[in-house]
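Taking it in order: structure first as structure tokens, then the write-up.
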Amino acid sequence: MLYKLNLEHILFLDIETVPQQQHFTDLDETAQLLWEQKTQYQRKEEFTPEEFYDRAGIWAEFGKIVCISVGYFVHKGDVRSFRVTSFHGKEIEILKQFKHLLKDHFSQVKHLLCAHNGKEFDFPYIARRMVINGINLPYKLDLFGKKPWEVPHLDTMELWKFGDYKHYTSLKLLAHVLGIPSPKDDMDGSMVKDVFYMENDIDRIIRYCELDVVTTAQVFLRLRNEELLTDSEIKKI
């Protein structure tokens, strides 16, 4: 079935998230206590709640989205291109712009969303932050009542599992083993918080996020045994 999908019907995406506040001490007392309780199992005795706060961006209840990057294929005759764009700024505006994109261009039954580890992270995170921000969920993120085969989501990590549900493979590792060239990048996910709060360099975060979108699309092409995108085929808009 993977080979039968029309590439132009798939929206590839990635999100970057940070803690809602720069410092643990910026949280009110209730939020601090809830963070302590939420992370007790992960922290064990190795970290205090404050020391562990750098990772707060992973949880939608304690984090926020600072960038959503998307990419989609366009075919004009024999010419293939992959167009990439990003939403950034205030979180509520990022979410509204992303919702408008889905509503205007990717709302039909044939349309699918694709991300690496998207079913565990990106898709539910976006949905939760929309609810928190008072935004009605778009059809593609509202999974209530849908049967498993009706969920319009693809996940390159899940596709790589081939049914092995205990297996985790990072996008970077998967790209490497599949022979996908990775341009040198000056950051990784653990650095996003400091780049956002300390360096105020959203452009750097956008470049990193867009690179992951392109890499996810490249992985998808390799899973279909198709030619990888060339630099000239990738268009930033």
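Letters for chains follow the order of the structure tokens (A, B, ...), residue numbers begin at 1 for each chain, and ligand numbers begin at 1 in the order shown.
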Tell me, as a tab-separated table (two decimals) with all heavy atoms, in the first residue's frame, which residues lie within 10 Å of Leu34 in chain A, counting only C-alpha atoms; anything in the same chain fewer than 6 positions away does not count.
chain	number	residue	atom	x	y	z
A	40	GLN	N	8.36	12.30	38.42
A	40	GLN	CA	8.97	11.53	39.49
A	40	GLN	C	9.57	10.21	39.00
A	40	GLN	O	10.68	9.83	39.36
A	40	GLN	CB	7.95	11.27	40.59
A	40	GLN	CG	8.55	10.61	41.84
A	40	GLN	CD	7.53	10.50	42.97
A	40	GLN	OE1	6.35	10.75	42.76
A	40	GLN	NE2	7.98	10.14	44.15
A	49	PRO	N	13.52	18.20	40.62
A	49	PRO	CA	12.59	18.72	39.62
A	49	PRO	C	13.16	19.91	38.85
A	49	PRO	O	12.96	20.03	37.64
A	49	PRO	CB	11.37	19.13	40.46
A	49	PRO	CG	11.42	18.23	41.65
A	49	PRO	CD	12.89	18.04	41.94
A	61	GLU	N	1.85	19.45	28.46
A	61	GLU	CA	1.29	20.15	29.62
A	61	GLU	C	2.25	21.18	30.19
A	61	GLU	O	1.82	22.12	30.89
A	61	GLU	CB	0.92	19.14	30.72
A	61	GLU	CG	-0.12	18.12	30.31
A	61	GLU	CD	0.48	16.90	29.59
A	61	GLU	OE1	1.71	16.89	29.35
A	61	GLU	OE2	-0.28	15.98	29.25
A	62	PHE	N	3.53	21.03	29.91
A	62	PHE	CA	4.54	21.93	30.48
A	62	PHE	C	5.38	22.62	29.41
A	62	PHE	O	6.27	23.41	29.73
A	62	PHE	CB	5.47	21.15	31.42
A	62	PHE	CG	4.77	20.60	32.63
A	62	PHE	CD1	4.29	19.31	32.64
A	62	PHE	CD2	4.58	21.39	33.75
A	62	PHE	CE1	3.64	18.79	33.75
A	62	PHE	CE2	3.93	20.89	34.87
A	62	PHE	CZ	3.45	19.59	34.86
All strand (DSSP E) positions in range 1-229 of chain A, as JSON, numbers by chain: {"A": [10, 11, 12, 13, 14, 15, 16, 17, 18, 19, 63, 64, 65, 66, 67, 68, 69, 70, 71, 72, 73, 74, 75, 76, 79, 80, 81, 82, 83, 84, 85, 86, 87, 88, 112, 113, 114, 115, 153, 154, 155]}
Selection: 10 Å around His111 in chain A, only C-alpha atoms, excl. self and same-chain fewer than 2 positions, as a list of chain:residue names: A:Leu5, A:Asn6, A:Leu7, A:Glu8, A:His9, A:Ile10, A:Leu11, A:Leu102, A:His105, A:Phe106, A:Ser107, A:Gln108, A:Val109, A:Leu113, A:Lys140, A:Pro152, A:His153
Same residues, C-alpha atoms, output as a PDB file, in the first residue's frame:
ATOM      1  CA  LEU A   5       0.103   6.479  -2.030  1.00  0.00           C
ATOM      2  CA  ASN A   6       0.234   9.696  -4.022  1.00  0.00           C
ATOM      3  CA  LEU A   7       3.146  11.743  -2.655  1.00  0.00           C
ATOM      4  CA  GLU A   8       1.273  14.972  -3.360  1.00  0.00           C
ATOM      5  CA  HIS A   9      -1.414  13.928  -0.867  1.00  0.00           C
ATOM      6  CA  ILE A  10       1.053  13.778   2.069  1.00  0.00           C
ATOM      7  CA  LEU A  11       2.004  16.682   4.336  1.00  0.00           C
ATOM      8  CA  LEU A 102      -4.798  21.775   6.902  1.00  0.00           C
ATOM      9  CA  HIS A 105      -5.080  22.349   1.395  1.00  0.00           C
ATOM     10  CA  PHE A 106      -4.998  19.017   3.274  1.00  0.00           C
ATOM     11  CA  SER A 107      -8.542  18.419   4.501  1.00  0.00           C
ATOM     12  CA  GLN A 108      -9.754  15.744   2.100  1.00  0.00           C
ATOM     13  CA  VAL A 109      -9.987  12.049   2.940  1.00  0.00           C
ATOM     14  CA  LEU A 113       0.071  13.718   7.701  1.00  0.00           C
ATOM     15  CA  LYS A 140      -6.928  15.521  10.619  1.00  0.00           C
ATOM     16  CA  PRO A 152      -4.916   9.854   8.537  1.00  0.00           C
ATOM     17  CA  HIS A 153      -1.404   9.663   9.987  1.00  0.00           C
TER      18      HIS A 153
END
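Using only C-alpha atoms, the shortest contact distance between Gln21 in chain A and any of A:Tyr208, A:Tyr197, A:Phe82, A:Tyr125 is found at A:Tyr197.
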Which of A:Trp160, A:Trp35, A:Phe123, A:Tyr165 sits closest to Val219 in chain A [using only C-alpha atoms]: A:Trp160
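With distances restricted to only C-alpha atoms, A:His116 is the closest residue to Leu173 in chain A from A:Arg128, A:His116, A:Lys147, A:Arg43.
We find CA of Tyr53 in chain A and CA of Phe24 in chain A to be spaced 6.0 Å apart.
Near Arg80 in chain A, within a cut-off of 12 Å and counting only C-alpha atoms, sit the residues Leu7, Glu8, Tyr72, Phe73, Val74, His75, Lys76, Gly77, Arg83, Glu227, Leu228, Leu229, Thr230, Asp231, Ser232, Glu233, Ile234 and Lys235 of chain A, with same-chain residues fewer than 3 positions away left out.
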Could you turn the residues from that selection into a file that holds C-alpha atoms, as a CSV table (one decimal), in the first residue's frame?
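Written output follows (part.csv):
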chain,number,residue,atom,x,y,z
A,7,LEU,CA,3.1,11.7,-2.7
A,8,GLU,CA,1.3,15.0,-3.4
A,72,TYR,CA,4.9,18.7,0.4
A,73,PHE,CA,5.7,17.3,-3.0
A,74,VAL,CA,4.6,19.0,-6.2
A,75,HIS,CA,4.8,17.2,-9.6
A,76,LYS,CA,4.6,19.2,-12.8
A,77,GLY,CA,5.0,16.8,-15.7
A,83,ARG,CA,8.3,22.7,-1.0
A,227,GLU,CA,15.1,8.4,-5.9
A,228,LEU,CA,16.1,10.8,-3.1
A,229,LEU,CA,15.5,14.5,-3.4
A,230,THR,CA,18.4,16.6,-4.8
A,231,ASP,CA,19.2,20.0,-3.4
A,232,SER,CA,17.8,21.6,-6.5
A,233,GLU,CA,14.4,19.9,-6.0
A,234,ILE,CA,14.0,21.4,-2.4
A,235,LYS,CA,12.3,24.8,-2.5
Residue contacts of Arg207 in chain A (12 Å, only C-alpha atoms) excluding same-chain residues fewer than 4 positions away, as an MDAnalysis selection string: chainID A and resid 14:16 67:70 84:88 183:188 192 201:203 211:214 236
Backbone-only DSSP, alpha helix (DSSP H) members of range 55-141 of chain A, as a ChimeraX atom specification: /A:91-105,122-132
Pick from A:Met157, A:Ile58, A:Leu101, A:Leu223, whichever lies nearest to Ser170 in chain A using only C-alpha atoms: A:Met157
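Interatomic distance, CA of Thr215 in chain A against CA of Ala175 in chain A: 7.0 Å.
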Which residue of A:Leu112, A:Val177, A:Leu33, A:Ile65 approaches Glu150 in chain A most closely, using only C-alpha atoms: A:Leu112
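For the set A:Lys103, A:Lys96, A:Lys38, A:His23, the residue with the smallest atom-to-atom gap to Gly134 in chain A is A:Lys96, counting only C-alpha atoms.
Note that the spacing between CA of Asp194 in chain A and CA of Phe52 in chain A amounts to 14.3 Å.
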